[in-house]
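**Q** Next comes structure-v6.txt, compact mmCIF, C-alpha atoms:
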```txt
# COMPACT_ATOMS: atom_id res chain seq x y z
CA MET A 1 68.95 116.60 109.70
CA THR A 2 69.38 112.97 108.74
CA HIS A 3 71.69 112.07 105.84
CA ARG A 4 72.09 108.68 104.25
CA ARG A 5 75.46 107.98 102.71
CA ALA A 6 76.67 105.27 100.34
CA CYS A 7 79.39 103.09 101.83
CA LEU A 8 81.35 99.95 100.97
CA LEU A 9 81.36 96.93 103.23
CA VAL A 10 84.67 95.09 103.21
CA ALA A 11 84.40 91.37 102.62
CA VAL A 12 86.42 89.24 105.06
CA LEU A 13 89.15 87.99 102.76
CA GLY A 14 92.87 87.57 103.09
CA CYS A 15 93.50 91.31 103.10
CA ALA A 16 90.56 92.29 105.31
CA ALA A 17 90.34 90.55 108.68
CA ALA A 18 87.75 90.88 111.42
CA LEU A 19 89.08 90.46 114.96
CA PRO A 20 87.60 91.09 118.41
CA VAL A 21 88.91 94.08 120.35
CA MET A 22 88.79 94.43 124.12
CA LEU A 23 88.27 97.93 125.55
CA CYS A 24 89.14 98.96 129.10
CA ALA A 25 86.22 100.02 131.27
CA SER A 26 88.18 103.14 132.19
CA ASP A 27 88.25 104.43 128.59
CA ASN A 28 86.16 107.60 128.58
CA ARG A 29 86.68 108.21 124.88
CA PRO A 30 87.59 105.10 122.89
CA SER A 31 90.44 105.79 120.51
CA ALA A 32 89.95 104.94 116.85
CA GLY A 33 92.83 102.85 115.58
CA VAL A 34 94.82 103.59 112.43
CA GLU A 35 98.02 101.64 111.84
CA ILE A 36 100.40 101.65 108.86
CA MET A 37 101.45 98.05 108.21
CA VAL A 38 104.50 96.80 106.27
CA LYS A 39 104.67 93.03 105.88
CA GLY A 40 102.17 92.66 108.72
CA VAL A 41 104.18 94.81 111.15
CA SER A 42 102.79 98.07 112.51
CA GLN A 43 105.18 100.92 111.75
CA PRO A 44 106.29 103.21 114.61
CA LYS A 45 104.56 106.57 114.90
CA PHE A 46 106.40 109.73 115.87
CA VAL A 47 104.74 112.79 117.40
CA HIS A 48 106.16 116.13 116.26
CA ASN A 49 104.54 119.55 116.70
CA GLY A 50 101.21 117.91 117.43
CA ARG A 51 101.24 115.73 114.30
CA LEU A 52 101.74 112.00 113.76
CA TYR A 53 104.47 110.82 111.39
CA VAL A 54 105.63 107.45 110.06
CA GLU A 55 108.69 106.63 108.00
CA ALA A 56 108.00 105.79 104.35
CA LEU A 57 110.09 102.89 103.07
CA ASN A 58 110.73 103.56 99.40
CA GLY A 59 109.55 100.73 97.14
CA ARG A 60 107.77 98.82 99.90
CA GLU A 61 104.10 97.89 99.87
CA TYR A 62 102.01 98.91 102.86
CA ALA A 63 98.48 98.56 104.19
CA ILE A 64 96.25 100.59 106.51
CA ARG A 65 94.64 98.81 109.46
CA LEU A 66 91.47 100.39 110.85
CA ARG A 67 89.97 99.58 114.26
CA ASN A 68 86.44 100.39 115.36
CA PRO A 69 86.44 101.10 119.13
CA TYR A 70 82.67 101.54 119.34
CA PRO A 71 79.78 99.12 120.06
CA VAL A 72 78.00 100.31 116.89
CA ARG A 73 78.84 100.15 113.21
CA ILE A 74 81.02 102.91 111.81
CA ALA A 75 81.86 104.21 108.35
CA VAL A 76 85.42 105.42 107.73
CA ALA A 77 86.31 107.94 105.05
CA LEU A 78 89.87 106.93 104.21
CA SER A 79 92.11 108.99 101.96
CA VAL A 80 95.74 108.63 100.89
CA ASP A 81 97.45 111.66 99.36
CA GLY A 82 94.08 113.42 99.48
CA LEU A 83 92.43 110.73 97.29
CA ASN A 84 89.59 108.51 98.50
CA THR A 85 90.90 104.93 98.62
CA ILE A 86 87.64 103.67 97.08
CA ASP A 87 87.18 105.94 94.06
CA ALA A 88 90.21 108.33 94.10
CA ARG A 89 87.93 111.37 94.32
CA GLU A 90 88.75 114.54 96.25
CA THR A 91 85.72 115.31 98.42
CA THR A 92 84.86 116.26 101.96
CA ALA A 93 84.92 113.44 104.49
CA GLY A 94 81.14 113.66 104.86
CA ASP A 95 80.52 113.23 101.13
CA ALA A 96 83.16 110.53 100.62
CA ARG A 97 82.37 106.89 100.03
CA LYS A 98 83.40 104.98 103.13
CA TRP A 99 84.55 101.66 104.52
CA VAL A 100 82.13 100.02 106.96
CA LEU A 101 83.29 98.27 110.14
CA GLY A 102 81.13 96.31 112.55
CA PRO A 103 81.26 96.87 116.32
CA TYR A 104 84.88 96.50 117.58
CA GLU A 105 85.97 95.19 114.18
CA ILE A 106 89.45 95.46 112.69
CA VAL A 107 89.82 95.69 108.90
CA THR A 108 92.97 95.98 106.79
CA ILE A 109 92.80 98.04 103.60
CA SER A 110 95.73 97.04 101.41
CA GLY A 111 95.23 99.19 98.33
CA TRP A 112 93.20 101.33 95.98
CA GLN A 113 89.83 99.70 95.23
CA THR A 114 89.70 99.42 91.42
CA SER A 115 86.57 97.26 90.98
CA GLN A 116 83.98 95.27 92.89
CA SER A 117 86.48 92.43 93.30
CA GLU A 118 90.00 93.87 92.98
CA ALA A 119 92.36 96.40 94.52
CA ARG A 120 95.86 97.65 93.68
CA ARG A 121 98.38 97.68 96.49
CA PHE A 122 99.53 100.82 98.28
CA GLU A 123 103.23 101.33 97.60
CA PHE A 124 105.64 103.91 98.99
CA THR A 125 107.28 105.68 96.09
CA THR A 126 108.41 109.14 94.95
CA GLU A 127 106.11 112.00 94.01
CA ALA A 128 106.96 111.58 90.33
CA ARG A 129 105.87 107.91 90.36
CA SER A 130 102.83 108.38 92.59
CA TYR A 131 99.22 107.55 91.77
CA GLY A 132 98.35 111.18 92.51
CA ALA A 133 100.85 112.39 89.89
CA ALA A 134 99.35 109.99 87.34
CA LEU A 135 95.94 111.57 87.98
CA GLY A 136 97.27 115.13 88.10
CA LYS A 137 96.27 115.44 91.78
CA THR A 138 99.38 116.29 93.80
CA GLU A 139 98.29 118.93 96.30
CA ASN A 140 98.04 116.54 99.28
CA LEU A 141 100.87 114.04 98.81
CA GLY A 142 102.32 112.52 101.97
CA MET A 143 99.12 112.45 104.04
CA ILE A 144 96.89 109.58 105.21
CA THR A 145 93.56 110.59 106.77
CA ALA A 146 90.83 108.46 108.38
CA VAL A 147 87.58 110.10 109.49
CA PHE A 148 85.25 107.97 111.61
CA PHE A 149 81.44 108.37 111.50
CA LYS A 150 79.21 106.39 113.85
CA GLU A 151 75.94 104.88 112.69
CA ARG A 152 72.98 106.87 113.97
CA VAL A 153 71.21 105.07 116.81
CA ALA A 154 67.52 104.68 116.12
CA VAL A 155 65.21 106.32 118.68
CA PRO A 156 61.97 104.37 119.26
CA VAL A 157 58.84 106.39 118.39
CA PRO A 158 55.17 105.50 118.60
CA TYR A 159 54.06 103.72 115.47
CA SER A 160 51.56 105.26 113.08
CA SER A 161 50.63 104.52 109.49
CA ASN A 162 51.74 108.01 108.45
CA ASP A 163 55.18 107.43 109.97
CA GLU A 164 55.52 104.16 108.09
CA ARG A 165 54.53 105.78 104.80
CA ARG A 166 57.01 108.62 105.40
CA ARG A 167 59.84 106.14 106.11
CA GLN A 168 59.06 104.23 102.93
CA ASP A 169 59.12 107.44 100.89
CA GLN A 170 62.49 108.38 102.35
CA GLY A 171 63.88 104.92 101.67
CA GLN A 172 63.01 105.22 98.00
CA ALA A 173 64.93 108.47 97.60
CA SER A 174 68.12 108.14 95.60
CA PRO A 175 70.89 110.08 97.33
CA VAL A 176 73.60 111.75 95.33
CA ALA A 177 77.06 112.21 96.78
CA PRO A 178 78.64 115.39 95.41
CA ALA A 179 82.29 115.25 94.34
CA GLN A 180 84.80 118.01 93.69
CA GLU A 181 86.44 117.61 90.28
CA ALA A 182 90.21 117.91 90.11
CA GLY A 183 91.75 121.04 88.65
CA ALA A 184 93.88 121.08 85.54
CA ALA A 185 97.12 119.13 85.75
CA SER A 186 99.10 122.23 84.79
CA SER A 187 98.23 123.88 88.11
CA ARG A 188 99.71 121.07 90.22
CA LEU A 189 103.09 121.17 91.90
CA LYS A 190 105.97 119.45 90.17
CA ALA A 191 106.83 116.12 91.80
CA ALA A 192 110.29 115.61 93.29
CA ASP A 193 112.09 112.31 93.82
CA GLU A 194 113.18 113.07 97.39
CA TYR A 195 109.66 113.27 98.82
CA ALA A 196 107.40 110.32 99.58
CA ALA A 197 104.05 109.57 97.98
CA THR A 198 101.91 106.48 97.31
CA GLY A 199 101.83 104.57 94.06
CA MET A 200 99.46 101.97 92.63
CA GLY A 201 101.08 98.57 92.93
CA ARG A 202 100.19 95.02 91.99
CA ARG A 203 96.66 93.63 91.80
CA THR A 204 95.09 91.77 94.69
CA ASP A 205 91.69 90.16 95.29
CA HIS A 206 89.46 92.36 97.45
CA SER A 207 85.73 91.85 97.04
CA VAL A 208 83.32 94.47 98.40
CA THR A 209 79.59 95.07 98.43
CA GLN A 210 77.70 98.36 98.68
CA VAL A 211 75.43 99.08 101.63
CA TRP A 212 73.61 102.12 103.03
CA LEU A 213 74.03 103.47 106.53
CA ASP A 214 72.29 106.28 108.40
CA LEU A 215 75.28 108.16 109.85
CA GLU A 216 75.66 110.88 112.42
CA ASP A 217 76.33 114.26 110.84
CA ALA A 218 79.54 115.00 112.74
CA PRO A 219 82.53 112.63 112.75
CA SER A 220 83.42 110.97 116.04
CA GLN A 221 87.17 111.12 115.41
CA THR A 222 89.72 112.12 112.78
CA VAL A 223 93.24 110.67 112.46
CA ASN A 224 95.89 112.31 110.26
CA ILE A 225 99.25 110.62 109.61
CA ARG A 226 102.08 112.27 107.67
CA TYR A 227 104.69 110.07 106.03
CA GLU A 228 108.12 110.93 104.69
CA PHE A 229 111.37 109.23 103.74
CA ARG A 230 114.01 109.08 106.47
CA PRO A 231 116.14 112.02 105.22
CA GLN A 232 113.11 114.32 105.42
CA LEU A 233 112.21 113.06 108.90
CA VAL A 234 115.79 113.90 109.92
CA ARG A 235 115.49 117.39 108.41
CA LEU A 236 112.27 117.93 110.36
CA GLY A 237 114.04 116.93 113.58
CA ILE A 238 111.86 113.85 114.08
CA LEU A 239 114.64 111.27 113.67
CA SER A 240 118.29 111.54 114.57
CA PRO A 241 120.76 111.55 111.68
CA THR A 242 122.59 108.31 111.09
CA SER A 243 126.37 108.33 110.96
CA ASP A 244 127.96 108.75 107.56
CA PRO A 245 129.37 105.36 106.41
CA LEU A 246 132.46 107.11 105.13
CA ASP A 247 133.13 108.61 108.57
CA ARG A 248 132.85 105.15 110.10
CA ARG A 249 135.28 103.70 107.57
CA GLU A 250 137.75 106.53 108.15
CA ARG A 251 137.92 105.50 111.82
CA ALA A 252 138.94 101.95 110.91
CA ARG A 253 142.21 100.62 112.31
CA GLY A 254 144.42 97.57 111.95
CA PHE A 255 145.82 95.17 114.56
CA ASP A 256 145.30 95.14 118.30
CA ASP A 257 146.71 92.82 120.95
CA SER A 258 143.67 90.60 121.56
CA PHE A 259 142.52 87.29 120.07
CA SER A 260 139.58 86.64 117.75
CA PRO A 261 136.32 86.68 119.79
CA VAL A 262 133.76 83.90 119.31
CA PRO A 263 130.18 85.09 118.66
CA PRO A 264 127.73 83.94 121.39
CA HIS A 265 125.70 81.73 119.01
CA LEU A 266 128.87 79.77 118.10
CA ARG A 267 130.02 79.12 121.67
```
Could the structure of this file be written out as structure tokens, please?

**A**
Amino acid sequence: MTHRRACLLVAVLGCAAALPVMLCASDNRPSAGVEIMVKGVSQPKFVHNGRLYVEALNGREYAIRLRNPYPVRIAVALSVDGLNTIDARETTAGDARKWVLGPYEIVTISGWQTSQSEARRFEFTTEARSYGAALGKTENLGMITAVFFKERVAVPVPYSSNDERRRQDQGQASPVAPAQEAGAASSRLKAADEYAATGMGRRTDHSVTQVWLDLEDAPSQTVNIRYEFRPQLVRLGILSPTSDPLDRRERARGFDDSFSPVPPHLR
């Protein structure tokens, strides 16, 4: 059954760039791209127990770069901490409002869309200071999810006046996207400072326009990325513990018998 879903088309501004992407002919299943960017640098991903992780840098702004690997338009349902990045609603991926990417396009989403022309930056912070905590929605903190839906390819059919009338009638229908309302704030988990979440940072220009796409019912790909502060990644066994600065200082010593070395850049 065909479904039409409301989506947002990202305008090509400073925080949303369109770039060509080359795909290898040997790719049997093009991989949808999701990168976590800090100051324009893609953050390393770590695979642990079948999940992807990135390190959250407390107090730093970040952005999410999406890549369309397909030769058709796609719509991406993008959530941070379980909240849609467009309207902060908690819905299924199919019912969510989505970001639209052209064939092979790359777009950077830098924050929560707060109006037709503005967004507020994503910012790594603690659970207590998170956007989710401010809304009383804390069940899915620490998770970034992108679900990719391809545009349905039109199948040519013999033309008839009845078909044209039926298409016009369908085009006039006003679709309604259901949304699941959040539960009472009292039922949410208490935020803790040691765990990472995403806050709502400073304002930035980010103009969008609404379009309609006829999407395939099933998503083509789903990407989930967990993020945590370094101490929690160490506890999970994803990163190695760093040496205690006090231990390093306790191993300090005084004189030896050599001369002062000259750093290479001063030679």

**Q** Counting all atoms listed in the file, what is within 12 Å of A:Ser240, bar same-chain residues fewer than 6 positions away, as a PyMOL selection string?

**A** chain A and resi 230-234

**Q** Using atom CA of A:Ile64 and atom CA of A:Thr145 as the two end points, give the distance in Å to one decimal.

**A**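 Distance between the two atoms: 10.4 Å.
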
**Q** So that I can check the surroundings of A:Pro44, please list as a list in words every protein, DNA and RNA residue that reaches within 12 Å of it, counting all atoms listed in the file and ignoring chain neighbours fewer than 5 positions away.

**A** Val34, Glu35, Ile36, Met37, Val38, Leu52, Tyr53, Val54, Glu55, Ala56, Ile225, Tyr227 and Leu239 of chain A

**Q** Take the residues from that selection and write them out as a PDB file, in the frame of the given file, keeping C-alpha atoms.

**A**
```pdb
ATOM      1  CA  VAL A  34      94.820 103.590 112.430  1.00  0.00           C
ATOM      2  CA  GLU A  35      98.020 101.640 111.840  1.00  0.00           C
ATOM      3  CA  ILE A  36     100.400 101.650 108.860  1.00  0.00           C
ATOM      4  CA  MET A  37     101.450  98.050 108.210  1.00  0.00           C
ATOM      5  CA  VAL A  38     104.500  96.800 106.270  1.00  0.00           C
ATOM      6  CA  LEU A  52     101.740 112.000 113.760  1.00  0.00           C
ATOM      7  CA  TYR A  53     104.470 110.820 111.390  1.00  0.00           C
ATOM      8  CA  VAL A  54     105.630 107.450 110.060  1.00  0.00           C
ATOM      9  CA  GLU A  55     108.690 106.630 108.000  1.00  0.00           C
ATOM     10  CA  ALA A  56     108.000 105.790 104.350  1.00  0.00           C
ATOM     11  CA  ILE A 225      99.250 110.620 109.610  1.00  0.00           C
ATOM     12  CA  TYR A 227     104.690 110.070 106.030  1.00  0.00           C
ATOM     13  CA  LEU A 239     114.640 111.270 113.670  1.00  0.00           C
TER      14      LEU A 239
END
```

**Q** Under the rule that only C-alpha atoms are counted, which of A:Thr242, A:Trp99, A:Leu236, A:Asp247 is the nearest residue to A:Gln210?

**A**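 Using only C-alpha atoms, A:Gln210 sits closest to A:Trp99.
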
**Q** Do you have the atom CA of A:Glu118-atom CA of A:Trp212 distance handy?

**A**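 Atom-to-atom, atom CA of A:Glu118 and atom CA of A:Trp212 are spaced 20.9 Å apart.
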
**Q** Have a look at A:Leu246, A:Ala77, A:Ala196, A:Leu83 and name the one nearest to A:Gly142; count all atoms listed in the file.

**A**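 Among the listed residues, A:Ala196 lies closest to A:Gly142.
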
**Q** Atom CA of A:Leu101 and atom CA of A:Asn68 are how many Å apart?

**A** 6.5 Å
